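Shown below: target35.cif, with mmCIF, C-alpha atoms and all ligand atoms.
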data_start
#
loop_
_atom_site.label_atom_id
_atom_site.label_comp_id
_atom_site.auth_asym_id
_atom_site.auth_seq_id
_atom_site.Cartn_x
_atom_site.Cartn_y
_atom_site.Cartn_z
CA MET A 1 88.53 84.66 147.47
CA THR A 2 91.15 82.70 149.41
CA THR A 3 90.19 79.39 150.96
CA PRO A 4 90.95 79.15 154.68
CA ALA A 5 93.98 77.03 155.67
CA PRO A 6 92.95 73.52 156.76
CA LYS A 7 92.76 73.07 160.50
CA PRO A 8 95.66 71.08 162.00
CA GLU A 9 94.76 67.46 162.64
CA VAL A 10 94.82 66.47 166.30
CA LEU A 11 94.34 62.97 167.67
CA LEU A 12 92.41 62.81 170.92
CA LEU A 13 93.45 59.75 172.93
CA GLN A 14 91.58 60.50 176.14
CA ARG A 15 88.00 61.63 176.68
CA ILE A 16 88.26 65.10 178.17
CA ALA A 17 85.54 67.39 179.55
CA ASP A 18 82.97 68.59 176.99
CA VAL A 19 84.11 72.17 177.36
CA GLY A 20 87.53 71.07 176.08
CA ILE A 21 86.13 68.99 173.26
CA GLU A 22 84.01 71.91 172.02
CA ARG A 23 87.04 74.17 171.99
CA LEU A 24 89.18 71.51 170.36
CA GLU A 25 86.65 70.98 167.58
CA THR A 26 86.44 74.72 166.92
CA HIS A 27 90.15 75.00 166.22
CA PHE A 28 91.26 71.59 165.00
CA ASP A 29 90.34 68.68 162.84
CA VAL A 30 89.80 66.27 165.72
CA ILE A 31 90.15 62.53 165.37
CA HIS A 32 88.53 60.86 168.36
CA LEU A 33 90.50 57.78 169.27
CA TRP A 34 89.60 57.60 172.96
CA ASP A 35 86.73 55.19 172.33
CA SER A 36 88.40 53.27 169.51
CA PRO A 37 88.62 49.51 170.10
CA ASP A 38 92.12 49.64 168.59
CA PRO A 39 93.64 53.12 169.07
CA ASP A 40 97.05 51.89 168.02
CA ARG A 41 95.81 50.75 164.61
CA ASP A 42 93.83 53.97 164.14
CA MET A 43 96.85 56.04 165.14
CA GLN A 44 98.78 54.35 162.36
CA TYR A 45 96.07 55.37 159.92
CA HIS A 46 96.65 59.03 160.84
CA ALA A 47 100.44 58.79 161.10
CA GLU A 48 101.01 60.86 157.97
CA THR A 49 98.60 63.65 158.75
CA ALA A 50 98.34 64.24 162.51
CA ARG A 51 100.22 67.30 163.79
CA GLY A 52 99.17 67.10 167.41
CA VAL A 53 98.16 64.50 169.98
CA LEU A 54 96.15 65.23 173.09
CA THR A 55 96.50 62.36 175.54
CA GLY A 56 96.04 61.61 179.23
CA ALA A 57 99.06 61.87 181.51
CA ASN A 58 98.45 58.26 182.52
CA ILE A 59 98.17 57.15 178.88
CA GLY A 60 100.97 59.16 177.28
CA LEU A 61 102.56 58.21 173.98
CA THR A 62 105.44 55.76 173.68
CA PRO A 63 108.61 56.58 171.71
CA GLN A 64 107.62 53.77 169.28
CA GLN A 65 104.28 55.46 168.69
CA VAL A 66 105.94 58.87 168.34
CA ASP A 67 108.30 57.48 165.70
CA ARG A 68 105.45 56.42 163.46
CA PHE A 69 104.24 59.99 162.92
CA HIS A 70 105.56 62.05 160.03
CA LYS A 71 104.28 65.49 160.96
CA LEU A 72 103.80 65.38 164.71
CA GLU A 73 104.79 68.67 166.41
CA ILE A 74 103.26 68.53 169.88
CA ILE A 75 101.95 66.15 172.52
CA SER A 76 99.57 67.91 174.84
CA LEU A 77 99.19 65.99 178.09
CA HIS A 78 95.97 66.23 180.05
CA GLY A 79 97.55 65.93 183.50
CA VAL A 80 100.77 66.55 185.37
CA GLY A 81 102.66 63.24 185.35
CA LEU A 82 105.41 62.93 182.76
CA ASP A 83 106.10 59.24 183.32
CA ARG A 84 104.24 58.05 180.21
CA VAL A 85 106.26 60.13 177.76
CA ASP A 86 109.95 60.09 176.95
CA ILE A 87 111.13 63.68 177.27
CA ASP A 88 114.63 63.07 175.86
CA HIS A 89 113.24 61.22 172.88
CA ALA A 90 110.72 64.00 172.25
CA LYS A 91 113.46 66.64 172.48
CA HIS A 92 115.55 64.68 170.06
CA GLN A 93 112.62 64.55 167.62
CA GLY A 94 112.03 68.30 168.03
CA LEU A 95 108.65 67.61 169.62
CA ARG A 96 107.00 69.76 172.22
CA ILE A 97 105.39 68.21 175.28
CA ALA A 98 102.94 70.38 177.20
CA TYR A 99 101.23 69.44 180.46
CA THR A 100 98.78 70.85 183.02
CA PRO A 101 100.58 71.15 186.36
CA ASP A 102 98.93 73.96 188.30
CA VAL A 103 95.22 73.50 187.80
CA LEU A 104 95.03 70.16 189.61
CA THR A 105 97.29 70.87 192.59
CA ALA A 106 94.55 71.70 195.10
CA ASP A 107 92.36 68.74 194.23
CA VAL A 108 95.20 66.23 194.34
CA ALA A 109 96.30 67.66 197.69
CA ASP A 110 92.72 67.38 198.95
CA MET A 111 92.66 63.74 197.87
CA GLY A 112 95.94 63.04 199.67
CA PHE A 113 94.64 64.73 202.77
CA GLY A 114 91.28 63.00 202.47
CA LEU A 115 92.90 59.57 202.16
CA MET A 116 95.06 60.30 205.19
CA MET A 117 92.01 61.35 207.20
CA SER A 118 89.93 58.43 205.91
CA THR A 119 92.62 55.91 206.75
CA LEU A 120 93.27 57.23 210.25
CA ARG A 121 89.58 57.71 211.08
CA ARG A 122 88.46 54.66 209.06
CA LEU A 123 85.67 56.62 207.39
CA PRO A 124 84.74 54.02 204.73
CA GLN A 125 84.78 51.22 207.32
CA GLY A 126 82.53 53.35 209.57
CA HIS A 127 80.18 54.00 206.66
CA ASN A 128 80.02 50.29 205.82
CA PHE A 129 79.35 49.51 209.49
CA VAL A 130 76.33 51.80 209.58
CA MET A 131 75.05 50.64 206.18
CA ALA A 132 75.27 47.03 207.30
CA GLY A 133 72.95 47.81 210.22
CA HIS A 134 75.56 46.95 212.89
CA TRP A 135 75.07 50.23 214.77
CA ALA A 136 71.34 49.63 214.94
CA GLU A 137 72.15 46.19 216.34
CA GLY A 138 73.80 47.96 219.27
CA LYS A 139 77.38 47.34 218.17
CA GLN A 140 80.25 49.85 218.04
CA PRO A 141 83.05 49.94 215.49
CA PRO A 142 86.64 49.96 216.85
CA LEU A 143 88.26 53.23 217.91
CA THR A 144 90.25 55.08 215.25
CA ARG A 145 93.37 57.31 215.31
CA SER A 146 93.70 61.12 215.64
CA LEU A 147 95.15 63.22 212.90
CA THR A 148 95.92 66.31 214.97
CA GLY A 149 99.44 66.28 216.36
CA LYS A 150 100.62 63.43 214.15
CA ARG A 151 103.95 63.54 212.32
CA LEU A 152 103.64 63.78 208.56
CA GLY A 153 106.54 62.75 206.34
CA ILE A 154 106.15 63.91 202.76
CA LEU A 155 107.98 62.18 199.94
CA GLY A 156 108.19 64.77 197.16
CA LEU A 157 107.76 68.42 198.06
CA GLY A 158 106.72 69.76 194.66
CA ARG A 159 103.54 71.73 194.08
CA ILE A 160 101.28 68.95 195.37
CA GLY A 161 103.49 68.03 198.33
CA GLN A 162 103.56 71.68 199.40
CA ALA A 163 99.79 71.99 199.10
CA ILE A 164 99.41 68.91 201.31
CA ALA A 165 101.87 70.40 203.81
CA ALA A 166 99.83 73.62 203.97
CA ARG A 167 96.69 71.62 204.77
CA ALA A 168 98.55 69.54 207.36
CA GLU A 169 99.85 72.67 209.10
CA ALA A 170 96.28 73.82 209.60
CA PHE A 171 95.59 70.50 211.35
CA GLY A 172 98.49 70.90 213.75
CA MET A 173 100.65 68.21 212.17
CA GLU A 174 104.42 68.23 212.38
CA ILE A 175 105.96 68.13 208.92
CA THR A 176 109.25 66.82 207.56
CA TYR A 177 109.92 66.10 203.91
CA THR A 178 112.32 64.36 201.65
CA ASN A 179 112.99 65.45 198.13
CA ARG A 180 115.70 65.14 195.46
CA SER A 181 117.19 68.24 197.04
CA ARG A 182 116.52 70.50 199.99
CA ARG A 183 114.19 73.39 199.19
CA THR A 184 115.17 76.83 200.39
CA ASP A 185 111.67 78.26 200.03
CA VAL A 186 109.76 76.19 202.61
CA PRO A 187 109.57 76.27 206.42
CA TYR A 188 109.66 72.47 206.88
CA ALA A 189 112.42 70.22 208.13
CA TYR A 190 114.33 68.28 205.47
CA GLU A 191 115.39 64.65 205.87
CA PRO A 192 117.44 63.37 202.94
CA ASP A 193 117.09 59.72 203.96
CA LEU A 194 113.71 58.15 203.21
CA GLN A 195 114.12 55.35 205.72
CA ARG A 196 114.91 57.80 208.51
CA LEU A 197 111.90 59.88 207.48
CA ALA A 198 109.68 56.78 207.66
CA ASP A 199 111.12 55.96 211.06
CA TRP A 200 110.25 59.47 212.29
CA CYS A 201 106.75 59.90 210.90
CA ASP A 202 103.29 58.50 211.66
CA VAL A 203 102.02 59.06 208.13
CA LEU A 204 104.17 58.79 205.03
CA MET A 205 102.59 60.75 202.19
CA VAL A 206 103.87 59.83 198.72
CA ALA A 207 103.39 62.89 196.54
CA ALA A 208 106.36 62.51 194.20
CA ALA A 209 106.38 62.30 190.45
CA SER A 210 107.68 59.01 189.13
CA SER A 211 110.84 58.46 187.12
CA PRO A 212 112.61 55.20 186.21
CA ASP A 213 115.14 55.57 189.05
CA MET A 214 112.34 55.85 191.61
CA GLN A 215 110.58 52.52 191.04
CA ALA A 216 109.77 50.87 194.39
CA LEU A 217 111.60 53.65 196.20
CA VAL A 218 109.32 52.89 199.13
CA ASP A 219 110.65 49.39 199.64
CA ASP A 220 110.20 46.89 202.41
CA SER A 221 112.82 48.52 204.62
CA VAL A 222 111.03 51.87 204.41
CA LEU A 223 107.73 50.18 205.25
CA ALA A 224 109.39 48.38 208.16
CA ALA A 225 110.68 51.72 209.44
CA LEU A 226 107.16 53.16 209.27
CA GLY A 227 106.11 50.44 211.70
CA SER A 228 102.88 48.89 212.90
CA GLU A 229 101.36 52.26 213.89
CA GLY A 230 102.32 53.82 210.57
CA VAL A 231 100.05 54.85 207.72
CA ILE A 232 101.05 55.30 204.10
CA VAL A 233 99.19 57.39 201.54
CA ASN A 234 99.95 57.48 197.82
CA VAL A 235 98.75 60.15 195.39
CA GLY A 236 101.92 59.99 193.26
CA ARG A 237 102.30 56.84 191.20
CA GLY A 238 101.73 53.22 192.20
CA VAL A 239 105.16 52.07 191.08
CA LEU A 240 106.83 54.26 193.70
CA ILE A 241 105.86 51.68 196.35
CA ASP A 242 106.84 48.01 196.43
CA GLU A 243 103.22 46.87 196.34
CA ASP A 244 103.86 43.23 197.27
CA ALA A 245 105.82 44.29 200.35
CA LEU A 246 103.07 46.76 201.24
CA ILE A 247 100.36 44.10 200.98
CA THR A 248 102.33 41.63 203.07
CA ARG A 249 102.87 44.18 205.83
CA LEU A 250 99.21 45.25 205.76
CA GLU A 251 98.09 41.61 205.93
CA ARG A 252 100.32 40.95 208.92
CA GLY A 253 99.23 44.13 210.72
CA GLU A 254 102.78 45.46 210.45
CA LEU A 255 101.33 48.73 209.19
CA LEU A 256 98.25 50.49 210.54
CA GLY A 257 96.79 51.26 207.14
CA ALA A 258 97.15 52.57 203.61
CA GLY A 259 95.20 55.14 201.62
CA LEU A 260 95.88 54.61 197.93
CA ASP A 261 94.72 56.49 194.86
CA VAL A 262 97.32 54.98 192.55
CA PHE A 263 98.50 51.43 191.91
CA ALA A 264 101.29 49.62 190.12
CA ASN A 265 99.12 48.05 187.43
CA GLU A 266 96.01 50.22 187.07
CA PRO A 267 93.18 49.55 186.64
CA HIS A 268 93.96 45.95 187.57
CA ILE A 269 94.76 46.20 191.21
CA ASN A 270 96.19 43.33 193.20
CA ASP A 271 93.26 41.18 194.44
CA ALA A 272 94.84 40.88 197.88
CA LEU A 273 94.22 44.61 198.43
CA LEU A 274 90.50 44.01 198.00
CA THR A 275 90.42 41.64 200.95
CA LEU A 276 92.05 44.01 203.44
CA ASP A 277 90.20 45.94 206.11
CA ASN A 278 92.99 48.44 206.76
CA VAL A 279 93.00 50.13 203.34
CA VAL A 280 91.11 52.97 201.71
CA LEU A 281 91.21 52.65 197.93
CA SER A 282 90.37 55.16 195.23
CA ALA A 283 90.44 54.68 191.46
CA HIS A 284 93.13 57.23 190.47
CA ARG A 285 90.61 60.04 190.95
CA ALA A 286 92.67 62.74 192.65
CA SER A 287 92.12 65.33 189.93
CA ALA A 288 88.67 64.04 188.99
CA THR A 289 86.40 66.89 190.00
CA VAL A 290 84.17 68.74 187.56
CA GLU A 291 86.04 71.98 188.23
CA THR A 292 89.53 70.58 187.77
CA ARG A 293 88.74 68.34 184.81
CA ASN A 294 87.17 71.35 183.04
CA ALA A 295 90.27 73.40 183.76
CA MET A 296 92.60 70.59 182.62
CA ALA A 297 90.62 70.12 179.42
CA ILE A 298 90.70 73.83 178.61
CA GLN A 299 94.38 74.15 179.41
CA SER A 300 95.42 71.12 177.38
CA VAL A 301 93.54 72.51 174.36
CA GLU A 302 94.96 76.01 174.95
CA HIS A 303 98.45 74.56 174.76
CA LEU A 304 97.67 73.23 171.29
CA GLN A 305 96.17 76.56 170.26
CA GLN A 306 99.24 78.41 171.50
CA HIS A 307 101.56 76.07 169.64
CA PHE A 308 99.72 76.23 166.33
CA ALA A 309 99.38 80.02 166.62
CA GLY A 310 103.18 80.20 166.71
CA SER A 311 103.67 80.88 170.40
CA LYS A 312 105.08 78.88 173.26
CA PRO A 313 102.57 76.83 175.27
CA THR A 314 102.34 78.08 178.86
CA HIS A 315 103.46 74.81 180.45
CA LEU A 316 106.13 72.94 178.57
CA ALA A 317 108.01 69.90 179.79
CA THR A 318 110.42 70.29 176.88
CA PRO A 319 112.30 73.55 176.27
C1 LIG B 401 98.17 63.21 186.41
O1 LIG B 401 97.78 64.32 186.14
O2 LIG B 401 99.34 62.84 186.24
C2 LIG B 401 97.17 62.27 186.98
O3 LIG B 401 97.74 61.39 187.87
C3 LIG B 401 96.49 61.53 185.87
O4 LIG B 401 97.39 60.68 185.29
#

For the structure just supplied, provide its representation as structure tokens.
Ligand code: DGY
Amino acid sequence: MTTPAPKPEVLLLQRIADVGIERLETHFDVIHLWDSPDPDRDMQYHAETARGVLTGANIGLTPQQVDRFHKLEIISLHGVGLDRVDIDHAKHQGLRIAYTPDVLTADVADMGFGLMMSTLRRLPQGHNFVMAGHWAEGKQPPLTRSLTGKRLGILGLGRIGQAIAARAEAFGMEITYTNRSRRTDVPYAYEPDLQRLADWCDVLMVAAASSPDMQALVDDSVLAALGSEGVIVNVGRGVLIDEDALITRLERGELLGAGLDVFANEPHINDALLTLDNVVLSAHRASATVETRNAMAIQSVEHLQQHFAGSKPTHLATP
């Protein structure tokens, strides 16, 4: 009788949905590091044996961490952002990086749209007003702004940007986008210059992926161009916006409002944001629905299964 081959060892750095954990444990020898008080130390302990790492897109794995492993073959990202891994370094090490781009598109677009709607219509402020009993006292909250007919500028017309554009079309918004390059497969106007786009639009929707050359791309001059009636929404990455400049302009009323799901230094957000009345804040939850987190968990495990079965994972960031 032959003994079955040992299951590949996989380190789990982020808690994923139960449906994913069950599947992971069926196929792999899983080392749970997501609740470790010192994941870095524990990673070192498994550096000689681990063949796969499953980690959150906003956690990633640094090149220094990658270099400690002796047998690592694949990093499976639970999420779409690639800003917490070094693709060139991984390629150089012959490592695969898989990610989960499609399954979260609709939910992230919904969050972007929801933040835009909430910021223009001041939904949380209205909720707080009612909860505080002010309506019952005979008071009225201030008027809000319409969404229909507004001009939407989208920074980053990838999968998520396009899904936001489709939603905005249904609300009668005018759409123009900026992107690394003009797309030939979309019906929207292209504006290569971000400042001109900000000058044109009422709402600037940041839906781009982040890369080192894009830090603080939305700088003070872009925010100035957006103007005191302008709204900014961010479902990309916090570092894409100069957060200090944003806060200053919000404090001075030089912007109408901001709807933010992502921040420069999560989860420690700038205290000044917490004092503002013209913001709607969310805790990086754009893909955090039961449906999407189940799908992301399953897909990130499937990518490991595909790899260790000798085939190519469906979504690879590395060739
Ligand atoms: C993603 O998928 O990149 C989300 O933003 C979580 O990091």

Check: Can I get the residues close to ligand LIG 401 (chain B) as number ranges by chain, where close means within 6 Å and we count only C-alpha atoms and all ligand atoms?
Finding: A: 57-58, 79-81

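When only C-alpha atoms are used to compute distances to Ala288 (chain A), the closest of the residues A:Val103, A:Val66, A:Lys150, A:Glu9 turns out to be A:Val103.
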
Check: Leaving out Ala286 (chain A) and any residue of its chain fewer than 6 positions from it, which residues lie within 8 Å of it when counting all atoms listed in the file, given as a PyMOL selection string?
Finding: chain A and resi 107-112+235+261

Next item on the list: Report the distance between CA of Val279 (chain A) and CA of Met205 (chain A) in Å, rounded to one decimal place.
Entry: 14.4 Å

Next item on the list: Within 9 Å of region 48-54 of chain A, counting only C-alpha atoms, which residues show up once you throw out same-chain ones fewer than 2 positions away? Write them as a PyMOL selection string, please.
Entry: chain A and resi 8-14+31+43-46+56+60-61+68-78+300-301+304

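Separating CA of Ala317 (chain A) from CA of Ser287 (chain A) is a distance of 19.4 Å.
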
Next item on the list: Kindly extract all protein, DNA and RNA residues lying within 12 Å of the coordinates (101.5, 44.2, 208.0) given in the file, considering only C-alpha atoms, and supply them as a ChimeraX atom specification.
Entry: /A:220,223-232,244-258,276-279

Item checked: Separation of CA of Leu120 (chain A) from CA of Gly133 (chain A), in Å and rounded to one decimal -> 22.4 Å

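Between Gly126 (chain A) and the residues A:Val280, A:Ala272, A:Val19, A:Ala309, the shortest atom-to-atom distance, using only C-alpha atoms, involves A:Val280.
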
Check: What's the 12 Å shell around Gln162 (chain A), counting all atoms listed in the file, without same-chain residues fewer than 3 positions away, as number ranges by chain?
Finding: A: 105-106, 108-110, 112-113, 153-159, 165-169, 175-179, 183, 185-188, 205-208

Could you name the residues that touch Asp242 (chain A) at 7 Å or less, counting all atoms listed in the file, but leaving out those on the same chain fewer than 5 positions away, as a short mmCIF file (atom, residue, chain, number, x, y, z; two decimals) with C-alpha atoms, keeping the file's coordinate frame?
data_model
loop_
_atom_site.label_atom_id
_atom_site.label_comp_id
_atom_site.auth_asym_id
_atom_site.auth_seq_id
_atom_site.Cartn_x
_atom_site.Cartn_y
_atom_site.Cartn_z
CA ALA A 216 109.77 50.87 194.39
CA VAL A 218 109.32 52.89 199.13
CA ASP A 219 110.65 49.39 199.64
CA ASP A 220 110.20 46.89 202.41
#

Requested file, region 200-297 of chain A restricted to C-alpha atoms, as a PDB file, in the first residue's frame:
ATOM      1  CA  TRP A 200     -14.916  69.603 -15.538  1.00  0.00           C
ATOM      2  CA  CYS A 201     -16.616  67.232 -13.120  1.00  0.00           C
ATOM      3  CA  ASP A 202     -18.882  67.564 -10.074  1.00  0.00           C
ATOM      4  CA  VAL A 203     -17.804  64.237  -8.607  1.00  0.00           C
ATOM      5  CA  LEU A 204     -14.327  62.780  -8.959  1.00  0.00           C
ATOM      6  CA  MET A 205     -14.444  59.025  -8.452  1.00  0.00           C
ATOM      7  CA  VAL A 206     -11.082  57.424  -7.668  1.00  0.00           C
ATOM      8  CA  ALA A 207     -11.290  53.824  -8.842  1.00  0.00           C
ATOM      9  CA  ALA A 208      -7.685  53.256  -9.885  1.00  0.00           C
ATOM     10  CA  ALA A 209      -5.280  50.624  -8.678  1.00  0.00           C
ATOM     11  CA  SER A 210      -2.270  52.035  -6.886  1.00  0.00           C
ATOM     12  CA  SER A 211       1.328  51.870  -8.032  1.00  0.00           C
ATOM     13  CA  PRO A 212       4.399  53.709  -6.701  1.00  0.00           C
ATOM     14  CA  ASP A 213       4.232  56.362  -9.443  1.00  0.00           C
ATOM     15  CA  MET A 214       0.646  57.206  -8.513  1.00  0.00           C
ATOM     16  CA  GLN A 215       1.122  58.253  -4.872  1.00  0.00           C
ATOM     17  CA  ALA A 216      -0.817  61.455  -4.157  1.00  0.00           C
ATOM     18  CA  LEU A 217      -1.801  61.681  -7.811  1.00  0.00           C
ATOM     19  CA  VAL A 218      -4.844  63.583  -6.613  1.00  0.00           C
ATOM     20  CA  ASP A 219      -2.853  66.476  -5.219  1.00  0.00           C
ATOM     21  CA  ASP A 220      -3.855  69.886  -3.982  1.00  0.00           C
ATOM     22  CA  SER A 221      -4.082  71.351  -7.482  1.00  0.00           C
ATOM     23  CA  VAL A 222      -6.508  68.617  -8.548  1.00  0.00           C
ATOM     24  CA  LEU A 223      -8.605  69.232  -5.431  1.00  0.00           C
ATOM     25  CA  ALA A 224      -8.539  72.974  -6.120  1.00  0.00           C
ATOM     26  CA  ALA A 225      -9.778  72.298  -9.653  1.00  0.00           C
ATOM     27  CA  LEU A 226     -12.650  70.218  -8.263  1.00  0.00           C
ATOM     28  CA  GLY A 227     -13.766  73.316  -6.377  1.00  0.00           C
ATOM     29  CA  SER A 228     -16.081  74.136  -3.514  1.00  0.00           C
ATOM     30  CA  GLU A 229     -19.074  72.368  -5.107  1.00  0.00           C
ATOM     31  CA  GLY A 230     -17.004  69.276  -5.877  1.00  0.00           C
ATOM     32  CA  VAL A 231     -17.206  65.856  -4.271  1.00  0.00           C
ATOM     33  CA  ILE A 232     -14.489  63.236  -4.211  1.00  0.00           C
ATOM     34  CA  VAL A 233     -15.016  59.514  -3.684  1.00  0.00           C
ATOM     35  CA  ASN A 234     -12.254  56.956  -3.190  1.00  0.00           C
ATOM     36  CA  VAL A 235     -12.653  53.190  -3.546  1.00  0.00           C
ATOM     37  CA  GLY A 236      -9.123  52.701  -4.928  1.00  0.00           C
ATOM     38  CA  ARG A 237      -6.340  53.204  -2.415  1.00  0.00           C
ATOM     39  CA  GLY A 238      -5.895  55.939   0.186  1.00  0.00           C
ATOM     40  CA  VAL A 239      -2.406  56.869  -0.977  1.00  0.00           C
ATOM     41  CA  LEU A 240      -3.761  57.993  -4.351  1.00  0.00           C
ATOM     42  CA  ILE A 241      -5.011  61.194  -2.681  1.00  0.00           C
ATOM     43  CA  ASP A 242      -2.923  63.770  -0.815  1.00  0.00           C
ATOM     44  CA  GLU A 243      -4.880  63.266   2.397  1.00  0.00           C
ATOM     45  CA  ASP A 244      -3.559  66.337   4.222  1.00  0.00           C
ATOM     46  CA  ALA A 245      -4.539  68.573   1.311  1.00  0.00           C
ATOM     47  CA  LEU A 246      -7.940  66.893   1.172  1.00  0.00           C
ATOM     48  CA  ILE A 247      -8.569  67.458   4.885  1.00  0.00           C
ATOM     49  CA  THR A 248      -7.519  71.102   4.687  1.00  0.00           C
ATOM     50  CA  ARG A 249      -9.866  71.768   1.776  1.00  0.00           C
ATOM     51  CA  LEU A 250     -12.742  69.927   3.485  1.00  0.00           C
ATOM     52  CA  GLU A 251     -12.156  71.901   6.693  1.00  0.00           C
ATOM     53  CA  ARG A 252     -12.212  75.192   4.814  1.00  0.00           C
ATOM     54  CA  GLY A 253     -15.324  74.270   2.829  1.00  0.00           C
ATOM     55  CA  GLU A 254     -13.276  74.369  -0.370  1.00  0.00           C
ATOM     56  CA  LEU A 255     -14.793  71.016  -1.313  1.00  0.00           C
ATOM     57  CA  LEU A 256     -18.424  69.999  -0.860  1.00  0.00           C
ATOM     58  CA  GLY A 257     -17.639  66.581   0.537  1.00  0.00           C
ATOM     59  CA  ALA A 258     -15.746  63.307   0.407  1.00  0.00           C
ATOM     60  CA  GLY A 259     -16.884  59.688   0.492  1.00  0.00           C
ATOM     61  CA  LEU A 260     -13.947  57.504   1.469  1.00  0.00           C
ATOM     62  CA  ASP A 261     -13.607  53.752   1.811  1.00  0.00           C
ATOM     63  CA  VAL A 262      -9.809  53.767   1.791  1.00  0.00           C
ATOM     64  CA  PHE A 263      -7.202  55.800   3.646  1.00  0.00           C
ATOM     65  CA  ALA A 264      -3.480  56.439   3.559  1.00  0.00           C
ATOM     66  CA  ASN A 265      -2.680  54.725   6.850  1.00  0.00           C
ATOM     67  CA  GLU A 266      -5.439  52.190   7.518  1.00  0.00           C
ATOM     68  CA  PRO A 267      -6.838  51.399   9.982  1.00  0.00           C
ATOM     69  CA  HIS A 268      -5.434  54.495  11.689  1.00  0.00           C
ATOM     70  CA  ILE A 269      -7.224  57.273   9.949  1.00  0.00           C
ATOM     71  CA  ASN A 270      -6.324  60.906  10.412  1.00  0.00           C
ATOM     72  CA  ASP A 271      -8.220  62.211  13.483  1.00  0.00           C
ATOM     73  CA  ALA A 272      -9.139  65.407  11.656  1.00  0.00           C
ATOM     74  CA  LEU A 273     -11.391  63.377   9.335  1.00  0.00           C
ATOM     75  CA  LEU A 274     -13.420  62.271  12.344  1.00  0.00           C
ATOM     76  CA  THR A 275     -14.330  65.841  13.194  1.00  0.00           C
ATOM     77  CA  LEU A 276     -15.699  66.753   9.759  1.00  0.00           C
ATOM     78  CA  ASP A 277     -19.371  66.981   8.890  1.00  0.00           C
ATOM     79  CA  ASN A 278     -18.871  66.824   5.123  1.00  0.00           C
ATOM     80  CA  VAL A 279     -17.430  63.290   4.924  1.00  0.00           C
ATOM     81  CA  VAL A 280     -18.859  59.796   4.681  1.00  0.00           C
ATOM     82  CA  LEU A 281     -16.348  57.236   5.917  1.00  0.00           C
ATOM     83  CA  SER A 282     -16.258  53.483   5.511  1.00  0.00           C
ATOM     84  CA  ALA A 283     -13.709  51.009   6.874  1.00  0.00           C
ATOM     85  CA  HIS A 284     -12.295  49.584   3.607  1.00  0.00           C
ATOM     86  CA  ARG A 285     -15.422  47.465   3.200  1.00  0.00           C
ATOM     87  CA  ALA A 286     -16.143  47.735  -0.519  1.00  0.00           C
ATOM     88  CA  SER A 287     -15.890  43.999  -1.165  1.00  0.00           C
ATOM     89  CA  ALA A 288     -17.136  43.014   2.283  1.00  0.00           C
ATOM     90  CA  THR A 289     -20.446  41.333   1.534  1.00  0.00           C
ATOM     91  CA  VAL A 290     -21.209  37.737   2.433  1.00  0.00           C
ATOM     92  CA  GLU A 291     -21.641  36.863  -1.236  1.00  0.00           C
ATOM     93  CA  THR A 292     -18.427  38.445  -2.459  1.00  0.00           C
ATOM     94  CA  ARG A 293     -16.255  37.372   0.461  1.00  0.00           C
ATOM     95  CA  ASN A 294     -17.437  33.773  -0.068  1.00  0.00           C
ATOM     96  CA  ALA A 295     -16.582  34.030  -3.754  1.00  0.00           C
ATOM     97  CA  MET A 296     -13.176  35.605  -3.035  1.00  0.00           C
ATOM     98  CA  ALA A 297     -12.370  32.914  -0.476  1.00  0.00           C
TER      99      ALA A 297
END
